[in-house]
>>> print(open('model05.tsv').read())   # TSV, C-alpha atoms
chain	number	residue	atom	x	y	z
M	1	MET	CA	72.84	13.94	-61.56
M	2	ALA	CA	70.25	11.84	-59.68
M	3	GLN	CA	72.73	8.99	-59.36
M	4	ALA	CA	75.38	11.33	-57.90
M	5	THR	CA	72.86	12.65	-55.36
M	6	ILE	CA	72.00	9.10	-54.28
M	7	GLU	CA	75.68	8.28	-53.86
M	8	ARG	CA	76.29	11.37	-51.69
M	9	ARG	CA	73.56	10.48	-49.22
M	10	PRO	CA	75.29	7.36	-47.81
M	11	LEU	CA	78.55	9.34	-47.57
M	12	ARG	CA	76.84	12.13	-45.64
M	13	ARG	CA	75.11	9.61	-43.40
M	14	GLU	CA	78.38	7.82	-42.73
M	15	ARG	CA	80.14	11.10	-41.95
M	16	THR	CA	77.34	12.11	-39.57
M	17	GLU	CA	77.48	8.74	-37.82
M	18	ARG	CA	81.24	9.06	-37.35
M	19	ILE	CA	80.89	12.52	-35.82
M	20	TRP	CA	78.10	11.30	-33.55
M	21	ALA	CA	80.22	8.31	-32.49
M	22	VAL	CA	83.10	10.60	-31.52
M	23	LEU	CA	80.77	12.87	-29.54
M	24	LEU	CA	79.34	9.89	-27.66
M	25	ARG	CA	82.74	8.37	-27.00
M	26	PHE	CA	84.08	11.59	-25.49
M	27	GLN	CA	80.80	12.80	-23.99
M	28	SER	CA	82.43	13.77	-20.68
M	29	VAL	CA	85.04	15.96	-22.38
M	30	PHE	CA	82.54	17.72	-24.62
M	31	GLY	CA	80.17	18.11	-21.67
M	32	LEU	CA	82.94	19.75	-19.65
M	33	ILE	CA	83.73	22.14	-22.51
M	34	VAL	CA	80.08	23.11	-22.89
M	35	ILE	CA	79.69	23.73	-19.13
M	36	LEU	CA	82.89	25.80	-19.07
M	37	VAL	CA	81.76	27.99	-21.95
M	38	LEU	CA	78.29	28.50	-20.48
M	39	ALA	CA	79.67	29.23	-17.03
M	40	ALA	CA	82.09	31.83	-18.37
M	41	ALA	CA	79.32	33.43	-20.42
M	42	LEU	CA	76.78	33.50	-17.58
M	43	SER	CA	79.21	34.55	-14.86
M	44	PRO	CA	78.58	37.85	-13.08
M	45	VAL	CA	81.12	40.60	-13.66
M	46	ARG	CA	82.53	42.60	-10.74
M	47	ASN	CA	84.86	45.53	-11.16
M	48	GLY	CA	85.27	44.63	-14.81
M	49	SER	CA	86.42	41.08	-13.99
M	50	ASN	CA	84.67	37.81	-14.84
M	51	VAL	CA	84.13	36.26	-11.41
M	52	PHE	CA	84.01	32.69	-12.68
M	53	LEU	CA	87.35	32.98	-14.49
M	54	GLU	CA	89.21	34.45	-11.54
M	55	PRO	CA	92.09	32.11	-10.56
M	56	ARG	CA	90.92	31.88	-6.95
M	57	ASN	CA	87.44	30.82	-8.02
M	58	LEU	CA	88.79	28.20	-10.44
M	59	LEU	CA	90.98	26.76	-7.69
M	60	ASN	CA	87.96	26.58	-5.38
M	61	ILE	CA	86.08	24.69	-8.07
M	62	VAL	CA	88.82	22.07	-8.26
M	63	ARG	CA	89.07	21.96	-4.45
M	64	PHE	CA	85.40	21.06	-4.07
M	65	ALA	CA	85.57	18.68	-7.03
M	66	SER	CA	88.41	16.80	-5.35
M	67	GLU	CA	86.37	15.47	-2.45
M	68	ASN	CA	83.54	14.20	-4.65
M	69	GLY	CA	86.04	13.09	-7.29
M	70	ILE	CA	87.94	10.82	-4.89
M	71	ILE	CA	84.69	9.17	-3.84
M	72	ALA	CA	83.68	8.91	-7.50
M	73	VAL	CA	86.90	7.01	-8.29
M	74	GLY	CA	85.96	4.35	-5.75
M	75	MET	CA	82.39	4.35	-7.02
M	76	THR	CA	83.68	3.81	-10.56
M	77	LEU	CA	85.53	0.66	-9.51
M	78	VAL	CA	82.36	-0.71	-7.92
M	79	ILE	CA	80.08	0.19	-10.83
M	80	LEU	CA	82.52	-1.30	-13.35
M	81	THR	CA	81.91	-4.67	-11.68
M	82	GLY	CA	78.14	-4.19	-11.97
M	83	GLY	CA	77.61	-3.10	-8.36
M	84	ILE	CA	76.68	0.11	-6.55
M	85	ASP	CA	77.79	1.64	-3.25
M	86	LEU	CA	75.18	3.78	-1.53
M	87	SER	CA	77.07	3.92	1.76
M	88	VAL	CA	79.99	6.20	0.78
M	89	GLY	CA	78.40	9.38	2.19
M	90	ALA	CA	77.70	7.69	5.52
M	91	VAL	CA	81.20	6.17	5.56
M	92	LEU	CA	82.59	9.68	5.07
M	93	ALA	CA	80.56	10.86	8.08
M	94	LEU	CA	81.74	7.93	10.19
M	95	CYS	CA	85.39	8.49	9.26
M	96	ALA	CA	85.16	12.27	9.76
M	97	VAL	CA	83.74	11.73	13.25
M	98	GLY	CA	86.46	9.16	13.87
M	99	ALA	CA	89.20	11.55	12.77
M	100	ALA	CA	87.90	14.30	15.07
M	101	ALA	CA	87.42	11.92	18.00
M	102	PHE	CA	90.84	10.30	17.64
M	103	MET	CA	92.63	13.65	17.67
M	104	THR	CA	90.61	15.58	20.25
M	105	ARG	CA	89.38	12.88	22.62
M	106	ASN	CA	92.10	10.25	22.33
M	107	GLU	CA	94.86	12.79	21.64
M	108	LEU	CA	96.34	10.78	18.76
M	109	GLY	CA	98.78	12.30	16.30
M	110	THR	CA	98.25	12.80	12.60
M	111	ILE	CA	99.78	9.52	11.38
M	112	PRO	CA	97.90	7.20	13.79
M	113	THR	CA	94.68	9.07	13.03
M	114	VAL	CA	95.13	8.73	9.27
M	115	VAL	CA	95.93	5.01	9.55
M	116	LEU	CA	92.92	4.31	11.76
M	117	VAL	CA	90.50	6.36	9.66
M	118	LEU	CA	91.57	4.68	6.42
M	119	ALA	CA	91.32	1.31	8.16
M	120	VAL	CA	87.77	2.08	9.29
M	121	GLY	CA	86.76	3.11	5.77
M	122	GLY	CA	88.40	0.07	4.19
M	123	LEU	CA	86.83	-2.25	6.77
M	124	VAL	CA	83.33	-0.93	6.11
M	125	GLY	CA	83.89	-1.39	2.38
M	126	PHE	CA	85.19	-4.91	2.97
M	127	VAL	CA	82.06	-5.77	4.94
M	128	ASN	CA	79.90	-4.46	2.10
M	129	GLY	CA	81.70	-6.65	-0.42
M	130	TRP	CA	81.89	-9.72	1.79
M	131	VAL	CA	78.20	-9.68	2.74
M	132	SER	CA	77.14	-9.09	-0.88
M	133	THR	CA	79.21	-11.99	-2.21
M	134	ARG	CA	78.94	-14.40	0.72
M	135	PHE	CA	75.16	-14.25	0.94
M	136	ASN	CA	74.51	-13.37	-2.72
M	137	ILE	CA	72.73	-10.12	-1.83
M	138	GLN	CA	72.48	-7.27	-4.31
M	139	SER	CA	74.97	-4.56	-3.43
M	140	PHE	CA	72.14	-2.01	-3.61
M	141	ILE	CA	70.53	-3.63	-0.56
M	142	THR	CA	73.77	-4.28	1.31
M	143	THR	CA	75.12	-0.75	0.97
M	144	LEU	CA	71.72	0.82	1.65
M	145	ALA	CA	71.68	-1.06	4.96
M	146	MET	CA	75.27	-0.01	5.65
M	147	LEU	CA	74.28	3.62	5.02
M	148	GLY	CA	71.98	3.48	8.04
M	149	VAL	CA	74.42	1.47	10.16
M	150	ALA	CA	77.37	3.80	9.49
M	151	ARG	CA	75.38	6.96	10.23
M	152	GLY	CA	73.98	5.42	13.37
M	153	ILE	CA	77.45	4.52	14.64
M	154	ALA	CA	78.70	8.00	13.72
M	155	SER	CA	75.85	9.59	15.69
M	156	LEU	CA	76.51	7.41	18.75
M	157	TRP	CA	80.24	8.06	18.53
M	158	SER	CA	79.83	11.83	18.34
M	159	GLY	CA	76.98	11.99	20.86
M	160	GLY	CA	74.68	13.42	18.21
M	161	TYR	CA	76.71	16.61	17.88
M	162	ALA	CA	79.55	17.74	15.66
M	163	ILE	CA	83.02	17.34	17.14
M	164	PRO	CA	84.85	20.63	16.48
M	165	LEU	CA	88.50	20.69	15.47
M	166	ALA	CA	90.74	23.36	16.92
M	167	PHE	CA	94.35	23.05	15.83
M	168	GLY	CA	97.27	23.65	18.15
M	169	ASP	CA	99.08	22.13	21.15
M	170	GLY	CA	97.47	20.95	24.34
M	171	PRO	CA	94.59	18.73	25.52
M	172	GLY	CA	91.60	18.59	23.19
M	173	MET	CA	93.52	20.17	20.32
M	174	ALA	CA	94.13	18.59	16.93
M	175	PRO	CA	97.67	18.62	15.53
M	176	THR	CA	98.44	21.48	13.17
M	177	SER	CA	100.15	19.00	10.85
M	178	PHE	CA	96.76	17.45	10.07
M	179	LYS	CA	95.43	20.79	8.86
M	180	ALA	CA	98.57	21.45	6.83
M	181	ILE	CA	98.58	18.01	5.17
M	182	PHE	CA	94.89	17.76	4.30
M	183	GLY	CA	93.64	21.34	4.30
M	184	GLY	CA	96.69	23.40	3.43
M	185	GLU	CA	97.92	24.88	0.17
M	186	LEU	CA	101.05	24.42	-1.91
M	187	GLY	CA	102.56	27.09	-4.13
M	188	VAL	CA	102.75	26.05	-7.80
M	189	PHE	CA	103.77	28.59	-10.47
M	190	GLY	CA	102.76	31.43	-8.22
M	191	LEU	CA	99.36	29.94	-7.36
M	192	GLN	CA	98.35	28.56	-3.98
M	193	VAL	CA	96.91	25.19	-4.99
M	194	PRO	CA	94.74	23.47	-2.32
M	195	ALA	CA	96.14	20.18	-1.00
M	196	PRO	CA	92.98	18.18	-1.90
M	197	VAL	CA	93.74	18.76	-5.59
M	198	PHE	CA	96.96	16.74	-5.31
M	199	TYR	CA	95.18	13.88	-3.54
M	200	PHE	CA	92.52	13.91	-6.25
M	201	LEU	CA	95.06	13.74	-9.05
M	202	GLY	CA	97.16	11.13	-7.25
M	203	VAL	CA	94.19	8.84	-6.62
M	204	GLY	CA	93.09	9.23	-10.25
M	205	VAL	CA	96.53	8.36	-11.64
M	206	ILE	CA	96.92	5.29	-9.41
M	207	ALA	CA	93.42	3.98	-10.12
M	208	SER	CA	93.80	4.55	-13.87
M	209	PHE	CA	97.10	2.67	-13.88
M	210	LEU	CA	95.58	-0.26	-11.97
M	211	LEU	CA	92.65	-0.50	-14.37
M	212	ARG	CA	94.58	-0.12	-17.59
M	213	ARG	CA	97.93	-1.77	-16.85
M	214	THR	CA	97.32	-4.62	-14.41
M	215	GLY	CA	95.61	-8.00	-14.39
M	216	PHE	CA	93.35	-6.81	-11.60
M	217	GLY	CA	92.02	-4.06	-13.86
M	218	ARG	CA	91.28	-6.55	-16.62
M	219	HIS	CA	89.44	-8.70	-14.11
M	220	VAL	CA	87.34	-5.72	-13.00
M	221	TYR	CA	86.19	-5.10	-16.57
M	222	ALA	CA	85.67	-8.82	-17.15
M	223	VAL	CA	83.44	-9.21	-14.09
M	224	GLY	CA	81.33	-6.22	-15.11
M	225	GLY	CA	81.16	-7.27	-18.76
M	226	ASN	CA	80.08	-10.86	-18.18
M	227	GLU	CA	80.35	-12.27	-14.68
M	228	THR	CA	79.59	-15.84	-15.73
M	229	ALA	CA	82.22	-15.82	-18.48
M	230	ALA	CA	84.75	-14.26	-16.11
M	231	ARG	CA	84.11	-16.98	-13.52
M	232	LEU	CA	84.47	-19.72	-16.13
M	233	SER	CA	87.74	-18.11	-17.24
M	234	GLY	CA	89.21	-18.58	-13.79
M	235	VAL	CA	88.64	-15.09	-12.38
M	236	ASN	CA	87.94	-15.05	-8.65
M	237	VAL	CA	84.82	-12.91	-9.02
M	238	ASP	CA	84.03	-12.69	-5.30
M	239	ARG	CA	87.53	-11.51	-4.47
M	240	VAL	CA	87.43	-8.82	-7.17
M	241	LYS	CA	84.14	-7.52	-5.83
M	242	ILE	CA	85.35	-7.47	-2.24
M	243	VAL	CA	88.51	-5.59	-3.24
M	244	VAL	CA	86.63	-2.88	-5.17
M	245	PHE	CA	84.19	-2.33	-2.30
M	246	ALA	CA	87.08	-2.13	0.16
M	247	ALA	CA	88.77	0.40	-2.13
M	248	SER	CA	85.56	2.43	-2.28
M	249	GLY	CA	85.36	2.53	1.51
M	250	LEU	CA	89.03	3.42	1.86
M	251	LEU	CA	88.69	6.31	-0.60
M	252	ALA	CA	85.61	7.53	1.27
M	253	GLY	CA	87.84	7.55	4.36
M	254	LEU	CA	90.44	9.62	2.52
M	255	ALA	CA	87.73	12.05	1.43
M	256	ALA	CA	86.64	12.25	5.08
M	257	LEU	CA	90.13	13.38	6.12
M	258	LEU	CA	90.01	16.15	3.51
M	259	HIS	CA	86.48	17.08	4.56
M	260	ALA	CA	87.32	17.27	8.26
M	261	ALA	CA	90.34	19.47	7.55
M	262	LEU	CA	88.22	21.75	5.35
M	263	VAL	CA	85.23	22.27	7.67
M	264	ASN	CA	87.19	21.87	10.94
M	265	GLN	CA	84.83	19.31	12.42
M	266	GLY	CA	83.51	15.78	12.22
M	267	SER	CA	79.76	15.30	12.23
M	268	HIS	CA	77.33	12.41	11.75
M	269	ILE	CA	75.47	14.49	9.15
M	270	ASP	CA	78.56	15.07	7.00
M	271	GLY	CA	78.48	13.61	3.50
M	272	ASN	CA	74.70	13.69	3.23
M	273	GLY	CA	73.84	12.99	-0.41
M	274	TYR	CA	77.45	12.46	-1.43
M	275	GLU	CA	76.64	9.02	-2.79
M	276	LEU	CA	74.29	10.58	-5.33
M	277	ASN	CA	76.89	13.14	-6.37
M	278	ALA	CA	79.45	10.38	-6.84
M	279	ILE	CA	77.06	8.29	-8.94
M	280	ALA	CA	76.21	11.39	-11.00
M	281	ALA	CA	79.91	12.06	-11.65
M	282	VAL	CA	80.42	8.45	-12.74
M	283	VAL	CA	77.43	8.48	-15.09
M	284	ILE	CA	78.34	11.86	-16.58
M	285	GLY	CA	81.84	10.50	-17.09
M	286	GLY	CA	80.51	7.78	-19.38
M	287	THR	CA	80.64	4.73	-17.12
M	288	SER	CA	77.79	2.32	-17.75
M	289	LEU	CA	75.64	1.47	-14.74
M	290	MET	CA	75.41	-2.04	-16.17
M	291	GLY	CA	79.14	-2.49	-15.61
M	292	GLY	CA	82.11	-3.33	-17.82
M	293	VAL	CA	82.41	0.06	-19.56
M	294	GLY	CA	83.97	3.24	-18.23
M	295	THR	CA	87.14	5.05	-17.22
M	296	ILE	CA	88.54	6.76	-14.15
M	297	VAL	CA	89.39	9.87	-16.16
M	298	GLY	CA	85.79	10.17	-17.29
M	299	SER	CA	84.55	10.07	-13.68
M	300	MET	CA	87.10	12.70	-12.66
M	301	ILE	CA	85.86	14.94	-15.47
M	302	GLY	CA	82.30	14.26	-14.34
M	303	ALA	CA	83.15	15.39	-10.80
M	304	LEU	CA	84.76	18.55	-12.17
M	305	THR	CA	81.70	19.22	-14.35
M	306	LEU	CA	79.38	18.97	-11.35
M	307	SER	CA	81.61	21.28	-9.32
M	308	ILE	CA	81.56	23.89	-12.11
M	309	LEU	CA	77.79	23.59	-12.30
M	310	ASP	CA	77.42	24.11	-8.54
M	311	ASN	CA	79.80	27.06	-8.67
M	312	ILE	CA	78.12	28.98	-11.47
M	313	LEU	CA	74.64	28.36	-10.06
M	314	GLY	CA	75.90	29.66	-6.72
M	315	LEU	CA	77.40	32.73	-8.36
M	316	ARG	CA	74.05	33.41	-10.01
M	317	ASN	CA	72.25	32.91	-6.66
M	318	ILE	CA	70.14	30.06	-8.03
M	319	GLN	CA	68.19	28.22	-5.32
M	320	SER	CA	69.50	24.79	-4.32
M	321	GLU	CA	66.20	23.19	-5.35
M	322	TYR	CA	66.77	24.24	-8.96
M	323	GLN	CA	70.34	22.97	-8.73
M	324	ALA	CA	69.04	19.52	-7.74
M	325	ILE	CA	66.53	19.55	-10.61
M	326	LEU	CA	69.22	20.47	-13.13
M	327	LYS	CA	71.55	17.75	-11.85
M	328	GLY	CA	68.78	15.19	-12.25
M	329	ILE	CA	68.16	16.27	-15.84
M	330	ILE	CA	71.88	16.05	-16.65
M	331	ILE	CA	72.10	12.51	-15.22
M	332	VAL	CA	69.15	11.35	-17.34
M	333	LEU	CA	70.67	12.91	-20.46
M	334	ALA	CA	74.00	11.19	-19.74
M	335	VAL	CA	72.28	7.80	-19.46
M	336	ILE	CA	70.41	8.43	-22.73
M	337	LEU	CA	73.73	9.18	-24.44
M	338	GLN	CA	75.15	5.92	-23.08
M	339	ARG	CA	72.28	3.99	-24.60
M	340	GLN	CA	72.81	5.75	-27.91
M	341	ARG	CA	76.49	4.75	-27.83
M	342	ARG	CA	75.66	1.09	-27.23
>>> encode(input="model05.tsv", output="structure tokens")
Amino acid sequence: MAQATIERRPLRRERTERIWAVLLRFQSVFGLIVILVLAAALSPVRNGSNVFLEPRNLLNIVRFASENGIIAVGMTLVILTGGIDLSVGAVLALCAVGAAAFMTRNELGTIPTVVLVLAVGGLVGFVNGWVSTRFNIQSFITTLAMLGVARGIASLWSGGYAIPLAFGDGPGMAPTSFKAIFGGELGVFGLQVPAPVFYFLGVGVIASFLLRRTGFGRHVYAVGGNETAARLSGVNVDRVKIVVFAASGLLAGLAALLHAALVNQGSHIDGNGYELNAIAAVVIGGTSLMGGVGTIVGSMIGALTLSILDNILGLRNIQSEYQAILKGIIIVLAVILQRQRR
């Protein structure tokens, strides 16, 4: 009997370790499920209906997750190489101001505006990557400096005030096509799905394909896993880093287009704190801040989790200060889980 008990203990320990390994591997999925259940349980009820589970509210959750999620995809690429991009919120502000100025002051159409805004975002990201690699400066310092530069340029460009967007025909008006493309809705199975959701999903699919099915993706993981080994293997490490920073800036520009269409303005204070939300989404999604480990899907789930958290706290009228505290606790817990997995 004693011998049988001794033999069962290793089996139980092994089974427990396997379960724990699965939970750690899919921490973002399980975290999303837990947040969903808690949100549904804690949601206020109005007229006999669960407010959180109402289709319109769920669509709003995904809408607001899309903007942060697109930025988080670019942040994931950077973090996978062992870097960080603290300038994405400021780049969003700069590009949002640019979009508003191009359409209302320069009277450009939707297509020229989109091209120029994405070019501005990509250029800022390129500068971040080039300066970091050319002068061997930590990306934390480079992008922190760019945060101030981008916001300063945005403030000068806008004159220190928000540039409002009124859509229609005539001088000073933004084209209605811009609002329809980036802020409109599309009917799917009887639901009016916000346009940002499709951009979010499209960016996620493309980025996931590049990481999982191309040589560039393998190089990204290689650089983040062991930069020295990657360099000795013939990988152009500097080029990989420059490309991921340029992609991060470009995606921040895309998020700026969605943001400007949503709030009908471009302001130098837009995107304040967005870099922290993006990093939080990436960490919650299971990407290691040390680089080399992580997925795009995980970051997208992380962005959705944060959006659900913001939504339910808003429905419960919880003060924003407590929301910030809770987000901080969740980030720390996510990092602890990463360490446990390693």
>>> closest_residue(input="model05.tsv", among="M:Val297, M:Leu165, M:Val223, M:Leu186", to="M:Phe209", atoms="only C-alpha atoms")
M:Val297
>>> closest_atom_pairs(input="model05.tsv", of="stretch 51-87 of chain M", to="stretch 131-138 of chain M", cutoff="12 Å", atoms="only C-alpha atoms", output="JSON lines")
{"residue": "M:Gly82", "atom": "CA", "partner": "M:Gln138", "partner_atom": "CA", "distance": 10.0}
{"residue": "M:Gly83", "atom": "CA", "partner": "M:Gln138", "partner_atom": "CA", "distance": 7.8}
{"residue": "M:Ile84", "atom": "CA", "partner": "M:Gln138", "partner_atom": "CA", "distance": 8.8}
{"residue": "M:Asp85", "atom": "CA", "partner": "M:Gln138", "partner_atom": "CA", "distance": 10.4}
{"residue": "M:Leu86", "atom": "CA", "partner": "M:Gln138", "partner_atom": "CA", "distance": 11.7}
>>> closest_atom_pairs(input="model05.tsv", of="stretch 45-163 of chain M", to="stretch 170-176 of chain M", cutoff="12 Å", atoms="all atoms listed in the file", output="tab-separated table")
residue	atom	partner	partner_atom	distance
M:Ala99	CA	M:Ala174	CA	9.5
M:Ala100	CA	M:Ala174	CA	7.8
M:Ala101	CA	M:Gly172	CA	9.4
M:Phe102	CA	M:Ala174	CA	8.9
M:Met103	CA	M:Ala174	CA	5.2
M:Thr104	CA	M:Gly172	CA	4.3
M:Arg105	CA	M:Gly172	CA	6.2
M:Asn106	CA	M:Gly172	CA	8.4
M:Glu107	CA	M:Gly172	CA	6.8
M:Leu108	CA	M:Ala174	CA	8.3
M:Gly109	CA	M:Pro175	CA	6.5
M:Thr110	CA	M:Pro175	CA	6.5
M:Ile111	CA	M:Pro175	CA	10.2
M:Pro112	CA	M:Pro175	CA	11.6
M:Thr113	CA	M:Ala174	CA	10.3
M:Val114	CA	M:Pro175	CA	12.0
M:Ile163	CA	M:Gly172	CA	10.6
>>> write_last_selection(input="model05.tsv", atoms="C-alpha atoms", output="compact mmCIF listing (two decimals), in the coordinates of the input")
# COMPACT_ATOMS: atom_id res chain seq x y z
CA ALA M 99 89.20 11.55 12.77
CA ALA M 100 87.90 14.30 15.07
CA ALA M 101 87.42 11.92 18.00
CA PHE M 102 90.84 10.30 17.64
CA MET M 103 92.63 13.65 17.67
CA THR M 104 90.61 15.58 20.25
CA ARG M 105 89.38 12.88 22.62
CA ASN M 106 92.10 10.25 22.33
CA GLU M 107 94.86 12.79 21.64
CA LEU M 108 96.34 10.78 18.76
CA GLY M 109 98.78 12.30 16.30
CA THR M 110 98.25 12.80 12.60
CA ILE M 111 99.78 9.52 11.38
CA PRO M 112 97.90 7.20 13.79
CA THR M 113 94.68 9.07 13.03
CA VAL M 114 95.13 8.73 9.27
CA ILE M 163 83.02 17.34 17.14
>>> residues_around(input="model05.tsv", residues="M:Ala162", least_positions_apart="2", cutoff="8 Å", atoms="only C-alpha atoms", output="MDAnalysis selection string")
chainID M and resid 97 158 160 164 265:268
>>> closest_residue(input="model05.tsv", among="M:Gly89, M:Gly183, M:Gly122, M:Gly225", to="M:Leu144", atoms="only C-alpha atoms")
M:Gly89
>>> atom_distance(input="model05.tsv", atom1="atom CA of M:Cys95", atom2="atom CA of M:Gly253")
5.6 Å
>>> atom_distance(input="model05.tsv", atom1="atom CA of M:Trp130", atom2="atom CA of M:Gly234")
19.4 Å
>>> closest_residue(input="model05.tsv", among="M:Ala150, M:Val197, M:Val244, M:Ile33", to="M:Val220", atoms="all atoms listed in the file")
M:Val244
